[in-house]
Amino acid sequence: MQLVFSDAQYWEDFLPLTFTRPVAAMRCGILTFSERWQKILGNTEISYFTENYLQDKFKNPEEKESLFLVANFLPTETVIQQIKDLKQGEALVYEDELIAARINMKDFSLNQIEKMTDIKENLTFFKRPADLFTYNHLAIDFDFDLLTEGRVSQELSSTNGFLGDKKDLFIEEGAQIEFSTINTMTGKIYVGKNAEVMEGCNLRGPIALGEDSKFNLGSKIYGATTVGPHCKVGGEVNNIIIFGYSSKGHEGFVGNSVIGEWCNFGADTNSSNLKNNYSHVKLWSYRTKAFEDTGLQFAGLIMGDHSKTAINTQLNTGTVIGVASNIFKPGFPPNLVENFSWGGGKDDERFKLDKAYEVAERAMARRKVPLADDDKAILKYIFDTY
């Protein structure tokens, strides 16, 4: 049966991260939301109900019987079973929102639904970018158990120092860790296939290091931190999520942040995650077109895909950076950096679209990934529309 991931009303709330992907394609914990549900439900046939300009890259639903699902929450065992038990025309509702339904996408309409059941349990729902790092520890725990149940980890090399319980460390095939300290007393640590923790690193869980990713020499990694596949991370990070294919390879601090794909941080880029007066941090909302109080004392950076900073870049607490932005001018950029900014300032010129394609092609080629026509179409739509 087809599994259809719906953005529901959340797509705009997660901008700029969702300019280039549906909500379900975001990463939190070890997996993306869609990967997590595929693992839970055993579905291999997936599609997305998202913005029109994204549908060429992210498959449109076929007109047939489907499980329609809002993906951005962590389910309980009871809710998982309720979803599996849904019959045609039945749906589950949480806090007055439909989150799962068994329907036919040929005639997509709520009129198909004959029975709605309210979920009574409290669920961890991700509704805004800051929720991704705020609840990342819960997602890492969930995914760790999901991925490692019944499996045996590689042995940790004796060159390393270890604190905690070995059952909270899982090392996939081909991963390398040497002459580092690993601490699972504060959370679980997952090291993906062919990943590498170079000498002198200090890891304090919960942490997820994705496939083919690296912690560079002497890195200091505080949880809850997720580094997706094909990334390089160095310096000091604390409670961040990198979706994948991005590099923060040098010294500098980034904390309480979410970073998209194909981003690059110049050496000694630093992002503040705490205001000098210790007040709540505000982040830009693309929905309300205003800075909104997160209710959080710690909140750093939200960065869209293909954006980059120059060496020694300094980012203020609560900075939001759009897609394909280039920050290289001296001084602090504003707390909202527009898509395709060339410089990072408020009134700077825009990065030319053809040049953005060139840079994206070069960056992606380093990971042996082509810039496809549908990727170009997405960037062009963002350039023309936003």
# chains A, B, ... in the order shown; residues from 1 in each chain; ligands from 1
call {"tool": "select_by_dssp", "arguments": {"residues": "region 200-233 of chain A", "states": "strand (DSSP E)", "output": "number ranges by chain"}}
result
A: 202-204, 207-209, 214-215, 220-222, 225-227, 232-233
call {"tool": "write_last_selection", "arguments": {"atoms": "C-alpha atoms", "output": "compact mmCIF listing (two decimals), in the first residue's frame"}}
result
# COMPACT_ATOMS: atom_id res chain seq x y z
CA ASN A 202 35.31 14.14 22.58
CA LEU A 203 31.75 12.85 22.15
CA ARG A 204 29.11 13.32 24.82
CA ILE A 207 24.79 11.87 19.21
CA ALA A 208 24.05 10.48 15.74
CA LEU A 209 26.80 10.52 13.10
CA LYS A 214 33.36 12.56 9.80
CA PHE A 215 34.15 14.28 13.06
CA LYS A 220 34.10 18.60 20.74
CA ILE A 221 30.57 17.27 20.22
CA TYR A 222 27.86 17.84 22.82
CA THR A 225 23.51 16.43 18.05
CA THR A 226 22.66 14.85 14.70
CA VAL A 227 25.03 14.96 11.74
CA LYS A 232 32.36 16.94 7.92
CA VAL A 233 32.22 18.54 11.37
call {"tool": "residues_around", "arguments": {"residues": "Leu147 (chain A)", "least_positions_apart": "5", "cutoff": "10 Å", "atoms": "only C-alpha atoms", "output": "NGL selection string"}}
result
:A and (30-31 or 36 or 39-40 or 142 or 170 or 190)
call {"tool": "residues_around", "arguments": {"residues": "Ile113 (chain A)", "least_positions_apart": "5", "cutoff": "10 Å", "atoms": "only C-alpha atoms", "output": "JSON, numbers by chain"}}
result
{"A": [88, 89, 90, 91, 101, 102, 103]}
call {"tool": "residues_around", "arguments": {"residues": "Glu45 (chain A)", "least_positions_apart": "6", "cutoff": "8 Å", "atoms": "only C-alpha atoms", "output": "list in words"}}
result
Met1, Gln2 and Leu3 of chain A
call {"tool": "write_last_selection", "arguments": {"atoms": "N, CA, C and O atoms", "output": "compact mmCIF listing (two decimals), in the first residue's frame"}}
result
# COMPACT_ATOMS: atom_id res chain seq x y z
N MET A 1 0.84 -1.20 0.00
CA MET A 1 0.00 0.00 0.00
C MET A 1 0.87 1.25 0.00
O MET A 1 1.89 1.30 0.69
N GLN A 2 0.43 2.24 -0.76
CA GLN A 2 1.16 3.49 -0.89
C GLN A 2 1.11 4.28 0.43
O GLN A 2 0.07 4.43 1.04
N LEU A 3 2.26 4.80 0.84
CA LEU A 3 2.36 5.66 2.02
C LEU A 3 2.54 7.09 1.53
O LEU A 3 3.51 7.41 0.84
call {"tool": "closest_residue", "arguments": {"among": "A:Ile311, A:Ile302, A:Ala224, A:Met364", "to": "His250 (chain A)", "atoms": "only C-alpha atoms"}}
result
A:Ile311
call {"tool": "closest_atom_pairs", "arguments": {"of": "region 21-109 of chain A", "to": "region 120-131 of chain A", "cutoff": "9 Å", "atoms": "only C-alpha atoms", "output": "tab-separated table"}}
result
residue	atom	partner	partner_atom	distance
A:Asn72	CA	A:Phe126	CA	5.6
A:Phe73	CA	A:Phe125	CA	4.3
A:Leu74	CA	A:Thr124	CA	5.4
A:Pro75	CA	A:Leu123	CA	6.4
A:Thr76	CA	A:Leu123	CA	7.4
A:Thr78	CA	A:Glu121	CA	8.7
A:Val79	CA	A:Glu121	CA	8.3
A:Tyr94	CA	A:Lys120	CA	7.6
A:Glu95	CA	A:Lys120	CA	8.8
call {"tool": "residues_around", "arguments": {"residues": "Asp347 (chain A)", "least_positions_apart": "4", "cutoff": "10 Å", "atoms": "only C-alpha atoms", "output": "PyMOL selection string"}}
result
chain A and resi 337-338+341-343
call {"tool": "write_last_selection", "arguments": {"atoms": "N, CA and C atoms", "output": "compact mmCIF listing (two decimals), in the first residue's frame"}}
result
# COMPACT_ATOMS: atom_id res chain seq x y z
N VAL A 337 18.65 36.65 6.89
CA VAL A 337 19.41 36.78 5.65
C VAL A 337 18.56 36.17 4.54
N GLU A 338 18.27 36.97 3.52
CA GLU A 338 17.34 36.55 2.48
C GLU A 338 17.93 35.44 1.61
N SER A 341 21.16 35.82 -1.01
CA SER A 341 21.88 37.05 -0.63
C SER A 341 23.35 36.93 -1.05
N TRP A 342 23.89 37.99 -1.62
CA TRP A 342 25.30 38.04 -2.00
C TRP A 342 26.00 39.02 -1.07
N GLY A 343 26.50 38.50 0.06
CA GLY A 343 27.16 39.33 1.05
C GLY A 343 26.60 39.11 2.43
call {"tool": "residues_around", "arguments": {"residues": "Asn277 (chain A)", "least_positions_apart": "4", "cutoff": "12 Å", "atoms": "only C-alpha atoms", "output": "list in words"}}
result
Val281, Gln297, Phe298 and Thr317 of chain A
call {"tool": "select_by_dssp", "arguments": {"residues": "region 50-215 of chain A", "states": "alpha helix (DSSP H)", "output": "list in words"}}
result
Glu77, Thr78, Val79, Ile80, Gln81, Gln82, Ile83, Lys84, Pro129, Ala130, Asp131, Leu132, Phe133, Thr134, Asn136, His137, Leu138, Ala139, Ile140, Asp141, Phe142, Asp143, Phe144, Asp145, Leu146, Leu147 and Thr148 of chain A
